[in-house]
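*Asks:* A single structure is presented below for examination.
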Amino acid sequence: MVALSPLITLNSGYEMPMVALGTWKSPPGETAAAVKTAIRSGYRYIDAANDYSNEHEVGMALKELLDNEEIKREELFIQAKLWNTNHRKAHVKPDLMQTLADLQLDYIDSFVIHWPQAAPSTGLKPSTRLDGAFPGPAKENPMFPVDENSGFFCADVHCHYIETW
């Protein structure tokens with residue numbers, strides 16, 4: 001892997017660049033250009049998450065660069081994250097599948113728990129950017145569930161992050 005930054009060898013034997021382009025707070029409509037510029041400048045590690053609400057733009061950039069053969073998939077290290085409302089076993093795979101669809105990739109190199117605290121969901125389906133990456137009443141299944149009585153963000157006390165994996 002040719003990378004702008006030094007590499008670290010993981011226990012699995014795979015190499016990971018030590019510097020990544022983070023896509024958090026990347027403005028809508030500007031994320032794809034930022035990703036393309038970063039990769040063309042030598043970045044090989046892209047950090048994404050579905051709650052950033054821009055994985056689809058990251059995916060558009062990756063698809064263009066890969067389709068134009070400006071870079072090979074194996075030269076990139078792509079990390080994404082499992083969102084807090086999706087820690088329950090039944091929600092992990094749909095969360096990952098939405099990320100893969102948005103990134104337009106067959107695989108990612110690292111899938112980590114975003115925060116080691118589960119947030120409640122309705123249990124009906126996982127919360128993804130398609131539901132809106134904003135706070136709302138827990139009963140509406142938002143990505144940032146808020147307790148209707150206190151107004152505080154709430155935790156899913158019946159789902160421990162250790163059980164997620």
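If you're wondering about the labels, chains in the structure tokens are A, B, ... by order shown, residues count from 1 in each chain, ligands from 1 in order shown.
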Neighbours of Lys72 (chain A) within 12 Å (only C-alpha atoms; same-chain residues fewer than 3 positions away dropped), as a ChimeraX atom specification?
*Replies:* /A:1-2,39,44,62-69,75-77
*Asks:* As a ChimeraX atom specification, which residues of region 7-142 of chain A does DSSP assign to strand (DSSP E)?
*Replies:* /A:7-9,15-17,21-22,45-47,77-82,110-113,135-137
*Asks:* Find the spatial neighbours of region 109-119 of chain A, counting only C-alpha atoms, within a cut-off of 6 Å - ignore same-chain residues fewer than 3 positions away - and output them as a ChimeraX atom specification.
*Replies:* /A:77-85,87,155-156,161
*Asks:* Take the selection from the previous step and output its residues with all heavy atoms, as a compact mmCIF listing (two decimals), in the first residue's frame.
*Replies:*
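Now in selection35.txt:
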```txt
# COMPACT_ATOMS: atom_id res chain seq x y z
N PHE A 77 -7.70 2.08 2.74
CA PHE A 77 -8.16 1.54 4.02
C PHE A 77 -9.39 2.35 4.40
O PHE A 77 -9.29 3.55 4.64
CB PHE A 77 -7.07 1.68 5.10
CG PHE A 77 -7.40 0.94 6.37
CD1 PHE A 77 -6.94 -0.35 6.55
CD2 PHE A 77 -8.16 1.53 7.36
CE1 PHE A 77 -7.24 -1.05 7.72
CE2 PHE A 77 -8.48 0.85 8.52
CZ PHE A 77 -8.02 -0.44 8.70
N ILE A 78 -10.54 1.71 4.39
CA ILE A 78 -11.80 2.39 4.66
C ILE A 78 -12.35 1.89 6.00
O ILE A 78 -12.53 0.69 6.20
CB ILE A 78 -12.85 2.13 3.55
CG1 ILE A 78 -12.27 2.43 2.16
CG2 ILE A 78 -14.12 2.92 3.83
CD1 ILE A 78 -11.90 3.87 1.92
N GLN A 79 -12.60 2.84 6.89
CA GLN A 79 -13.18 2.51 8.19
C GLN A 79 -14.56 3.14 8.30
O GLN A 79 -14.77 4.28 7.89
CB GLN A 79 -12.31 3.04 9.33
CG GLN A 79 -12.94 2.81 10.70
CD GLN A 79 -12.01 3.16 11.81
OE1 GLN A 79 -11.15 2.37 12.14
NE2 GLN A 79 -12.16 4.35 12.39
N ALA A 80 -15.50 2.38 8.84
CA ALA A 80 -16.84 2.89 9.12
C ALA A 80 -17.22 2.46 10.54
O ALA A 80 -16.50 1.69 11.16
CB ALA A 80 -17.83 2.37 8.09
N LYS A 81 -18.34 2.97 10.99
CA LYS A 81 -18.70 2.75 12.39
C LYS A 81 -20.16 2.32 12.54
O LYS A 81 -21.03 2.81 11.84
CB LYS A 81 -18.47 4.05 13.17
CG LYS A 81 -17.03 4.52 13.10
CD LYS A 81 -16.89 5.89 13.73
CE LYS A 81 -15.54 6.47 13.42
NZ LYS A 81 -15.50 7.08 12.10
N LEU A 82 -20.36 1.45 13.52
CA LEU A 82 -21.70 1.02 13.91
C LEU A 82 -22.30 2.10 14.80
O LEU A 82 -21.70 2.50 15.79
CB LEU A 82 -21.62 -0.30 14.69
CG LEU A 82 -22.93 -0.82 15.25
CD1 LEU A 82 -23.84 -1.29 14.13
CD2 LEU A 82 -22.67 -1.93 16.25
N TRP A 83 -23.48 2.57 14.43
CA TRP A 83 -24.10 3.65 15.19
C TRP A 83 -24.72 3.15 16.49
O TRP A 83 -25.07 1.99 16.64
CB TRP A 83 -25.13 4.39 14.33
CG TRP A 83 -25.68 5.56 15.08
CD1 TRP A 83 -26.99 5.81 15.37
CD2 TRP A 83 -24.94 6.62 15.67
NE1 TRP A 83 -27.10 6.97 16.11
CE2 TRP A 83 -25.84 7.48 16.32
CE3 TRP A 83 -23.57 6.93 15.75
CZ2 TRP A 83 -25.45 8.62 17.01
CZ3 TRP A 83 -23.18 8.07 16.44
CH2 TRP A 83 -24.12 8.90 17.05
N ASN A 84 -24.86 4.04 17.45
CA ASN A 84 -25.29 3.72 18.82
C ASN A 84 -26.65 3.06 18.92
O ASN A 84 -26.88 2.24 19.81
CB ASN A 84 -25.32 5.00 19.66
CG ASN A 84 -23.98 5.67 19.70
OD1 ASN A 84 -23.03 5.20 19.10
ND2 ASN A 84 -23.89 6.79 20.37
N THR A 85 -27.58 3.41 18.06
CA THR A 85 -28.92 2.82 18.14
C THR A 85 -28.97 1.45 17.48
O THR A 85 -30.02 0.81 17.48
CB THR A 85 -29.97 3.73 17.49
OG1 THR A 85 -29.56 4.03 16.16
CG2 THR A 85 -30.18 5.01 18.29
N HIS A 87 -26.78 -1.27 18.17
CA HIS A 87 -25.96 -2.26 18.86
C HIS A 87 -26.64 -3.61 19.01
O HIS A 87 -25.98 -4.62 19.22
CB HIS A 87 -25.58 -1.75 20.26
CG HIS A 87 -24.48 -0.74 20.24
ND1 HIS A 87 -23.53 -0.68 21.22
CD2 HIS A 87 -24.18 0.25 19.37
CE1 HIS A 87 -22.69 0.30 20.97
NE2 HIS A 87 -23.07 0.90 19.86
N ALA A 155 -29.88 6.11 26.96
CA ALA A 155 -29.09 4.91 26.72
C ALA A 155 -30.00 3.69 26.72
O ALA A 155 -31.01 3.66 27.41
CB ALA A 155 -28.01 4.76 27.78
N ASP A 156 -29.61 2.69 25.97
CA ASP A 156 -30.32 1.41 25.94
C ASP A 156 -29.70 0.54 27.03
O ASP A 156 -28.68 -0.11 26.80
CB ASP A 156 -30.18 0.77 24.56
CG ASP A 156 -30.97 -0.52 24.43
OD1 ASP A 156 -31.46 -1.04 25.46
OD2 ASP A 156 -31.09 -1.01 23.30
N TYR A 161 -22.62 -3.10 25.07
CA TYR A 161 -21.78 -3.12 23.89
C TYR A 161 -20.95 -4.38 23.73
O TYR A 161 -20.61 -4.78 22.62
CB TYR A 161 -20.88 -1.87 23.83
CG TYR A 161 -19.79 -1.83 24.87
CD1 TYR A 161 -18.52 -2.34 24.61
CD2 TYR A 161 -20.01 -1.27 26.12
CE1 TYR A 161 -17.53 -2.31 25.55
CE2 TYR A 161 -19.01 -1.21 27.07
CZ TYR A 161 -17.77 -1.74 26.78
OH TYR A 161 -16.79 -1.70 27.71
```
*Asks:* Looking at only C-alpha atoms, which of A:Trp24, A:Glu30, A:Tyr43, A:Pro135 is the one that sits closest to Ser5 (chain A)?
*Replies:* A:Tyr43
*Asks:* Kindly indicate which residue among A:Pro137, A:Ile71, A:Ala32, A:Thr128 lies nearest to Leu96 (chain A), using only C-alpha atoms for the distances.
*Replies:*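 Of A:Pro137, A:Ile71, A:Ala32, A:Thr128, the one nearest Leu96 (chain A) is A:Thr128, counting only C-alpha atoms.
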*Asks:* Considering only C-alpha atoms, can you say which of A:Ile8, A:Met143, A:Ile46, A:Val58 comes closest to Pro27 (chain A)?
*Replies:*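 The shortest atom-to-atom distance to Pro27 (chain A) comes from A:Val58.
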*Asks:* Between A:Ser127, A:Ser12, A:Asn54, A:Asn149, single out the one closest to Pro28 (chain A), counting only C-alpha atoms.
*Replies:*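 Checking each candidate against Pro28 (chain A), we get A:Asn54 as the closest.
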*Asks:* Out of A:Ser53, A:Ala38, A:Tyr45, A:Val92, which residue has the shortest atom-to-atom distance to Pro6 (chain A) when counting only C-alpha atoms?
*Replies:*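 Looking only at the distances to Pro6 (chain A), the closest residue turns out to be A:Tyr45.
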